[in-house]
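Colleague: Have a look at this one before I ask anything.
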Amino acid sequence: MSYDVLVIGAGPAGTAAAAECARLGLSTMCIEEHGTIGYPVQCAGLLSNAAFLESGVSAGPVLARVSGARLVSGFGSEVLIDAKTTKAVVVDRGSFDREMANNAADSGAEFLLKTAAYGIRGNTLLVRGVNGHQEIPFRLLIAADGPRSTIARIHKMPRARSYLAGIQIELPYECDPRFVEIYPDASPDFFGWMIPAGEGRVRVGLCGHSQVPERFASLIKKFSENSMHFVTGTLPLGLMQKTYGNRTLFVGDAAGFAKPTSGGGVYTGIRSACHAASTASFCCDNDLFTDVALAEYERKWRADIGRELDLGFRIFQLRQKISAYDMNELIKALDNPEIIRTIIKYGNMDRPGILIKKLLCKPAFLRCAAPLIRSGILSLFQ
Ligand SMILES: Cc1cc2nc3c(=O)[nH]c(=O)nc-3n(C[C@H](O)[C@H](O)[C@H](O)COP(=O)(O)OP(=O)(O)OC[C@H]3O[C@@H](n4cnc5c(N)ncnc54)[C@H](O)[C@@H]3O)c2cc1C
């Protein structure tokens, strides 16, 4: 039997794509190399309200509800942004991913676990796993196979523009569970974090380009090293040049959809998956699988999140130019009631563009934001 759609990878992007394809009436199978969906976890589990809503997951995996963030500089300055209402949730990513997969199965998607895709011959996917070697015919592939995408490698697609390495541990620590803490100086090309993860537990980690183990060792000095859960992972940033081709649509981390400002990839992964599913439906209904037909996918996700992702990548590039001293000055500048009000009103973890525009209209911000202006932020809006 030939499936309309084979989805490779059962992370949030893959299961969202499988669920939507099945709901749209396409015969769909999702193939996952691990025997258990959701493991190993490679995530801090912080999801905006919008990301959580998009996932369709119940409150079951929610460990904490977050209303704000404290930015802490290495020089000791800090600023607390407290929206006094839930802005994000922290989830157990293992249970979260499994619930998304269950929802996809309930919608009619089939799952083939402990089976890895390793090749493509014509319109047939070659897999190896519990059933030995199998050849599975398809009409369209959705590659949701994460940062090291095998499918992208098979098709020799140009990959994401930048790759960061991440390390995180979960450990016992008492903190105010309403706030995440952000440590920009812990990793000068990105940032470090402490995220509440339920009663007396936190997740402490960072992502960066270089010296990641050394930076991490320095960050956790102020916490206990009594780790309950050790996470390492790769964060691809900056979208691949072309997210479709060869009867394949690339979604989530396989295409570099994570937000370059925060590293969050669940929201954008699910959004990309929904656009891929609606394009898959059109292609299957019309029996059209040319690049011209598949290009509709890229048009859709660009109209939805393209501008924010482009802007985010440029902010990520500017971030590389901000020194620890300038970051300290910036954090001091943010500690101003008018600026904090603006951040609370316009801040959006998934779509930071509006807030940045608003801040750049505030004389109070511009007066103190010399470090950012030196980094070239105004050029973003020219
Ligand atoms: C340290 C760290 C912290 C993070 N924190 C957050 C956060 O707080 N919030 C957030 O939103 N994002 C966070 N992210 C990013 C987020 O984890 C990813 O963007 C998200 O998981 C991407 O989802 P995905 O479905 O595209 O890929 P993945 O979740 O990576 O899923 C890909 C799936 O494909 C499977 N697979 C791979 N190859 C094959 C193959 N050949 N055959 C079959 N199956 C295959 C894998 O086993 C995996 O299950 C973090 C990332 C890191 C590294």
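Residue numbering restarts at 1 for every chain of the structure tokens, chains are lettered A, B, ... in their displayed order, and ligands are numbered from 1 as they appear.
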Could you pull out the residues sitting within 7 Å of ligand 1, using only C-alpha atoms and all ligand atoms, and write them as a ChimeraX atom specification?
Modeller: /A:8-14,31-34,37-38,42-47,115-118,144-150,165-168,205-207,231-235,251-254,258,263-267,269
Colleague: Output N, CA and C atoms for every residue in the selection just made, as a short mmCIF file (atom, residue, chain, number, x, y, z; two decimals), in the first residue's frame.
Modeller:
data_model
loop_
_atom_site.label_atom_id
_atom_site.label_comp_id
_atom_site.auth_asym_id
_atom_site.auth_seq_id
_atom_site.Cartn_x
_atom_site.Cartn_y
_atom_site.Cartn_z
N ILE A 8 8.56 11.67 8.76
CA ILE A 8 9.74 11.07 9.40
C ILE A 8 10.03 11.86 10.66
N GLY A 9 9.91 11.21 11.82
CA GLY A 9 10.20 11.86 13.11
C GLY A 9 8.92 12.18 13.86
N ALA A 10 8.88 11.75 15.14
CA ALA A 10 7.68 11.97 15.96
C ALA A 10 7.95 12.95 17.10
N GLY A 11 8.69 14.04 16.80
CA GLY A 11 8.77 15.18 17.73
C GLY A 11 7.50 16.01 17.53
N PRO A 12 7.42 17.18 18.17
CA PRO A 12 6.20 17.99 18.04
C PRO A 12 5.86 18.37 16.60
N ALA A 13 6.88 18.66 15.78
CA ALA A 13 6.59 19.04 14.39
C ALA A 13 6.03 17.85 13.63
N GLY A 14 6.62 16.68 13.81
CA GLY A 14 6.17 15.48 13.10
C GLY A 14 4.77 15.06 13.51
N ILE A 31 6.97 7.82 11.23
CA ILE A 31 8.03 6.84 11.51
C ILE A 31 9.03 7.45 12.49
N GLU A 32 9.30 6.76 13.59
CA GLU A 32 10.17 7.30 14.63
C GLU A 32 11.25 6.27 14.98
N GLU A 33 12.49 6.75 15.04
CA GLU A 33 13.60 5.80 15.25
C GLU A 33 13.66 5.26 16.68
N HIS A 34 13.11 6.03 17.65
CA HIS A 34 13.15 5.54 19.04
C HIS A 34 11.92 4.69 19.36
N ILE A 37 8.30 7.56 22.32
CA ILE A 37 8.22 8.95 21.83
C ILE A 37 8.53 9.90 22.99
N GLY A 38 9.29 10.95 22.71
CA GLY A 38 9.58 11.97 23.73
C GLY A 38 10.93 11.81 24.41
N GLN A 42 15.38 16.85 24.68
CA GLN A 42 16.43 17.83 24.31
C GLN A 42 15.79 19.21 24.33
N CYS A 43 15.35 19.65 25.50
CA CYS A 43 14.53 20.86 25.58
C CYS A 43 14.42 21.33 27.01
N ALA A 44 14.23 22.66 27.19
CA ALA A 44 13.98 23.20 28.53
C ALA A 44 12.49 23.17 28.87
N GLY A 45 11.66 22.95 27.88
CA GLY A 45 10.22 22.77 28.13
C GLY A 45 9.46 24.06 28.38
N LEU A 46 10.03 25.20 28.03
CA LEU A 46 9.33 26.48 28.22
C LEU A 46 8.54 26.81 26.95
N LEU A 47 7.22 26.89 27.09
CA LEU A 47 6.36 27.14 25.93
C LEU A 47 5.48 28.35 26.19
N THR A 115 12.10 2.49 14.36
CA THR A 115 12.39 2.27 12.93
C THR A 115 12.97 3.56 12.36
N ALA A 116 14.14 3.46 11.76
CA ALA A 116 14.82 4.66 11.25
C ALA A 116 14.79 4.70 9.73
N ALA A 117 14.49 5.88 9.19
CA ALA A 117 14.57 6.08 7.74
C ALA A 117 16.04 6.26 7.38
N TYR A 118 16.52 5.57 6.31
CA TYR A 118 17.93 5.75 5.94
C TYR A 118 18.15 5.97 4.45
N ALA A 144 10.47 15.57 9.35
CA ALA A 144 10.41 16.22 10.68
C ALA A 144 11.44 15.53 11.56
N ASP A 145 12.60 15.22 10.95
CA ASP A 145 13.57 14.37 11.63
C ASP A 145 14.67 15.17 12.33
N GLY A 146 14.33 16.37 12.76
CA GLY A 146 15.17 17.09 13.71
C GLY A 146 16.44 17.68 13.14
N PRO A 147 17.31 18.21 14.04
CA PRO A 147 18.46 19.01 13.60
C PRO A 147 19.43 18.27 12.69
N ARG A 148 19.51 16.94 12.84
CA ARG A 148 20.47 16.20 11.99
C ARG A 148 19.78 15.53 10.80
N SER A 149 18.67 16.06 10.39
CA SER A 149 17.81 15.46 9.35
C SER A 149 18.52 14.56 8.32
N THR A 150 18.23 13.27 8.40
CA THR A 150 18.75 12.30 7.43
C THR A 150 18.19 12.60 6.04
N ALA A 165 25.24 24.39 20.41
CA ALA A 165 25.16 23.20 21.28
C ALA A 165 24.51 23.63 22.59
N GLY A 166 23.73 22.75 23.18
CA GLY A 166 23.06 23.08 24.44
C GLY A 166 23.34 22.04 25.51
N ILE A 167 23.45 22.50 26.76
CA ILE A 167 23.56 21.58 27.91
C ILE A 167 22.61 22.09 28.98
N GLN A 168 21.95 21.17 29.64
CA GLN A 168 21.03 21.56 30.71
C GLN A 168 20.94 20.43 31.73
N GLY A 205 20.57 25.75 32.29
CA GLY A 205 21.29 25.36 31.09
C GLY A 205 21.70 26.55 30.25
N LEU A 206 22.34 26.26 29.14
CA LEU A 206 22.72 27.32 28.20
C LEU A 206 22.93 26.70 26.82
N CYS A 207 22.91 27.56 25.82
CA CYS A 207 23.29 27.16 24.47
C CYS A 207 24.38 28.11 23.99
N VAL A 231 20.67 16.89 30.03
CA VAL A 231 20.21 17.05 28.64
C VAL A 231 21.32 17.66 27.80
N THR A 232 21.58 17.09 26.64
CA THR A 232 22.42 17.79 25.67
C THR A 232 21.64 17.82 24.36
N GLY A 233 21.90 18.82 23.55
CA GLY A 233 21.14 18.89 22.29
C GLY A 233 21.73 19.90 21.34
N THR A 234 21.21 19.89 20.14
CA THR A 234 21.67 20.80 19.09
C THR A 234 20.52 21.70 18.70
N LEU A 235 20.85 22.98 18.51
CA LEU A 235 19.82 23.96 18.16
C LEU A 235 20.18 24.55 16.80
N VAL A 251 10.02 20.38 7.90
CA VAL A 251 9.35 21.12 8.98
C VAL A 251 10.19 21.07 10.25
N GLY A 252 9.89 22.00 11.19
CA GLY A 252 10.55 21.99 12.50
C GLY A 252 12.06 22.13 12.40
N ASP A 253 12.76 21.50 13.34
CA ASP A 253 14.23 21.62 13.38
C ASP A 253 14.92 21.09 12.13
N ALA A 254 14.27 20.18 11.41
CA ALA A 254 14.88 19.65 10.18
C ALA A 254 15.14 20.78 9.19
N ALA A 258 13.63 26.87 14.57
CA ALA A 258 13.65 27.39 15.95
C ALA A 258 13.85 28.91 15.93
N GLY A 263 15.61 30.34 20.94
CA GLY A 263 15.89 28.91 20.75
C GLY A 263 14.64 28.05 20.82
N GLY A 264 13.49 28.68 21.10
CA GLY A 264 12.25 27.91 21.18
C GLY A 264 11.86 27.41 19.79
N GLY A 265 11.62 26.11 19.68
CA GLY A 265 11.30 25.56 18.36
C GLY A 265 9.96 24.86 18.30
N VAL A 266 9.26 24.78 19.44
CA VAL A 266 8.01 24.02 19.43
C VAL A 266 6.92 24.80 18.69
N TYR A 267 6.78 26.08 19.00
CA TYR A 267 5.72 26.88 18.36
C TYR A 267 5.91 26.92 16.84
N GLY A 269 7.76 25.05 15.02
CA GLY A 269 7.72 23.69 14.46
C GLY A 269 6.28 23.28 14.17
#
Colleague: Just list as an MDAnalysis selection string whatever in region 13-228 of chain A DSSP marks as strand (DSSP E or B).
Modeller: chainID A and resid 28:31 46:48 62:66 68:72 78:82 88:91 110:112 115:121 124:129 132:143 162:172 179:183 191:196 201:208
Colleague: Give me, as a list in words, all polymer residues having an atom no more than 6 Å from Pro236 (chain A), counting only C-alpha atoms and skipping those fewer than 5 positions away in the same chain.
Modeller: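 Near Pro236 (chain A), the qualifying residues are Pro147, Ala160, Ser162, Tyr163 and Gly256 of chain A.
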Colleague: Could you write those residues out with C-alpha atoms, as an mmCIF file, in the first residue's frame?
Modeller:
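File written: out_21.cif
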data_model
loop_
_atom_site.group_PDB
_atom_site.id
_atom_site.type_symbol
_atom_site.label_atom_id
_atom_site.label_comp_id
_atom_site.auth_asym_id
_atom_site.auth_seq_id
_atom_site.Cartn_x
_atom_site.Cartn_y
_atom_site.Cartn_z
ATOM 1 C CA PRO A 147 18.459 19.008 13.597
ATOM 2 C CA ALA A 160 20.395 25.744 8.713
ATOM 3 C CA SER A 162 24.037 28.234 12.436
ATOM 4 C CA TYR A 163 24.152 25.375 14.944
ATOM 5 C CA GLY A 256 15.916 25.282 11.133
#
Colleague: Considering only C-alpha atoms, give me a table of residues in region 90-200 of chain A that are at most 12 Å from region 283-290 of chain A, with the closest atom pair and distance in Å for each, as CSV.
Modeller:
residue,atom,partner,partner_atom,distance
A:Asn123,CA,A:Phe289,CA,11.2
A:Phe138,CA,A:Cys284,CA,10.7
A:Arg139,CA,A:Cys284,CA,7.4
A:Leu140,CA,A:Phe289,CA,7.6
A:Leu141,CA,A:Phe289,CA,10.5
Colleague: Give me a file of those residues, with C-alpha atoms, as a PDB file, in the first residue's frame.
Modeller:
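Output below, filename out05.pdb:
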ATOM      1  CA  ASN A 123       8.860   7.163  -4.313  1.00  0.00           C
ATOM      2  CA  PHE A 138       4.676   7.218  -0.474  1.00  0.00           C
ATOM      3  CA  ARG A 139       3.224  10.081  -2.480  1.00  0.00           C
ATOM      4  CA  LEU A 140       4.749  12.839  -0.308  1.00  0.00           C
ATOM      5  CA  LEU A 141       7.301  12.974   2.520  1.00  0.00           C
TER       6      LEU A 141
END
Colleague: Which residues are near Met327 (chain A)? Cut-off 10 Å, only C-alpha atoms, ignore same chain within fewer than 2 positions. Put them as number ranges by chain.
Modeller: A: 72-75, 77, 184-185, 188, 319, 322-325, 329-333, 369, 371-372
Colleague: Using only C-alpha atoms, pick whichever of A:Ile305, A:Val212, A:Ile270, A:Ala186 has the shortest atom-to-atom distance to Asp350 (chain A).
Modeller: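 Closest candidate: A:Ile305.
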Colleague: So which residues of region 34-267 of chain A fall under alpha helix (DSSP H) by DSSP, listed as number ranges by chain?
Modeller: A: 49-55, 93-106, 150-154, 212-219, 266-267
Colleague: The selected residues should be written to file as a compact mmCIF listing (two decimals), in the first residue's frame (atoms: N, CA and C atoms).
Modeller:
# COMPACT_ATOMS: atom_id res chain seq x y z
N ASN A 49 2.15 30.67 25.91
CA ASN A 49 0.74 30.24 25.94
C ASN A 49 0.29 29.82 24.54
N ALA A 50 0.73 30.60 23.52
CA ALA A 50 0.29 30.30 22.15
C ALA A 50 0.82 28.94 21.70
N ALA A 51 2.08 28.65 22.03
CA ALA A 51 2.67 27.36 21.63
C ALA A 51 1.91 26.21 22.29
N PHE A 52 1.61 26.40 23.56
CA PHE A 52 0.91 25.34 24.30
C PHE A 52 -0.48 25.10 23.70
N LEU A 53 -1.15 26.20 23.39
CA LEU A 53 -2.49 26.10 22.80
C LEU A 53 -2.45 25.38 21.45
N GLU A 54 -1.46 25.75 20.63
CA GLU A 54 -1.31 25.13 19.29
C GLU A 54 -1.13 23.62 19.40
N SER A 55 -0.47 23.18 20.49
CA SER A 55 -0.12 21.76 20.60
C SER A 55 -1.36 20.88 20.85
N ARG A 93 8.64 17.54 28.75
CA ARG A 93 8.62 17.37 27.28
C ARG A 93 8.33 15.93 26.86
N GLY A 94 8.76 14.96 27.68
CA GLY A 94 8.48 13.57 27.32
C GLY A 94 6.98 13.33 27.24
N SER A 95 6.25 13.69 28.32
CA SER A 95 4.79 13.46 28.34
C SER A 95 4.11 14.34 27.29
N PHE A 96 4.61 15.55 27.13
CA PHE A 96 4.04 16.48 26.14
C PHE A 96 4.09 15.85 24.74
N ASP A 97 5.27 15.35 24.35
CA ASP A 97 5.42 14.76 23.01
C ASP A 97 4.53 13.53 22.86
N ARG A 98 4.44 12.72 23.94
CA ARG A 98 3.62 11.50 23.82
C ARG A 98 2.15 11.85 23.67
N GLU A 99 1.70 12.90 24.38
CA GLU A 99 0.28 13.28 24.23
C GLU A 99 0.01 13.79 22.82
N MET A 100 0.96 14.55 22.27
CA MET A 100 0.77 15.00 20.87
C MET A 100 0.67 13.79 19.93
N ALA A 101 1.51 12.78 20.18
CA ALA A 101 1.47 11.58 19.32
C ALA A 101 0.15 10.84 19.50
N ASN A 102 -0.33 10.73 20.74
CA ASN A 102 -1.63 10.07 20.98
C ASN A 102 -2.74 10.79 20.23
N ASN A 103 -2.69 12.13 20.26
CA ASN A 103 -3.71 12.90 19.55
C ASN A 103 -3.66 12.63 18.05
N ALA A 104 -2.43 12.51 17.52
CA ALA A 104 -2.29 12.22 16.08
C ALA A 104 -2.85 10.84 15.77
N ALA A 105 -2.57 9.87 16.65
CA ALA A 105 -3.09 8.51 16.43
C ALA A 105 -4.62 8.53 16.50
N ASP A 106 -5.17 9.31 17.46
CA ASP A 106 -6.63 9.40 17.55
C ASP A 106 -7.24 10.02 16.29
N THR A 150 18.23 13.27 8.40
CA THR A 150 18.75 12.30 7.43
C THR A 150 18.19 12.60 6.04
N ILE A 151 16.89 12.99 6.02
CA ILE A 151 16.24 13.23 4.72
C ILE A 151 16.89 14.42 4.02
N ALA A 152 17.22 15.47 4.79
CA ALA A 152 17.89 16.63 4.18
C ALA A 152 19.26 16.21 3.63
N ARG A 153 19.92 15.33 4.36
CA ARG A 153 21.25 14.87 3.91
C ARG A 153 21.12 14.03 2.64
N ILE A 154 20.12 13.14 2.60
CA ILE A 154 19.92 12.30 1.41
C ILE A 154 19.71 13.18 0.17
N VAL A 212 31.14 25.36 25.34
CA VAL A 212 29.84 25.14 26.01
C VAL A 212 30.00 24.37 27.32
N PRO A 213 30.78 23.27 27.38
CA PRO A 213 30.93 22.58 28.67
C PRO A 213 31.57 23.47 29.74
N GLU A 214 32.57 24.28 29.33
CA GLU A 214 33.26 25.16 30.30
C GLU A 214 32.29 26.23 30.81
N ARG A 215 31.54 26.84 29.90
CA ARG A 215 30.58 27.87 30.32
C ARG A 215 29.53 27.26 31.25
N PHE A 216 29.11 26.04 30.92
CA PHE A 216 28.09 25.39 31.73
C PHE A 216 28.63 25.10 33.13
N ALA A 217 29.87 24.62 33.20
CA ALA A 217 30.48 24.32 34.51
C ALA A 217 30.50 25.58 35.37
N SER A 218 30.76 26.71 34.73
CA SER A 218 30.81 27.97 35.48
C SER A 218 29.40 28.40 35.91
N LEU A 219 28.41 28.21 35.04
CA LEU A 219 27.04 28.62 35.36
C LEU A 219 26.48 27.84 36.55
N VAL A 266 9.26 24.78 19.44
CA VAL A 266 8.01 24.02 19.43
C VAL A 266 6.92 24.80 18.69
N TYR A 267 6.78 26.08 19.00
CA TYR A 267 5.72 26.88 18.36
C TYR A 267 5.91 26.92 16.84
Colleague: Give the answer as one residue: which of A:Leu311, A:Ile182, A:Ala109, A:Ile81 has the shortest atom-to-atom distance to Arg23 (chain A), using only C-alpha atoms?
Modeller: A:Ala109
Colleague: To one decimal in Å, tell me the separation between CA of Met240 (chain A) and CA of Met157 (chain A).
Modeller: 7.8 Å
Colleague: Rounded to one decimal in Å, what is the spacing between CA of Glu174 (chain A) and CA of Ser262 (chain A)?
Modeller: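 One can read the CA of Glu174 (chain A) to CA of Ser262 (chain A) distance as 24.0 Å.
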Colleague: From the list A:Ala69, A:Gly108, A:Gly119, A:Leu125, which residue is nearest Leu6 (chain A) when using only C-alpha atoms?
Modeller: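 Checking each of A:Ala69, A:Gly108, A:Gly119, A:Leu125 against Leu6 (chain A), counting only C-alpha atoms, the winner is A:Leu125.
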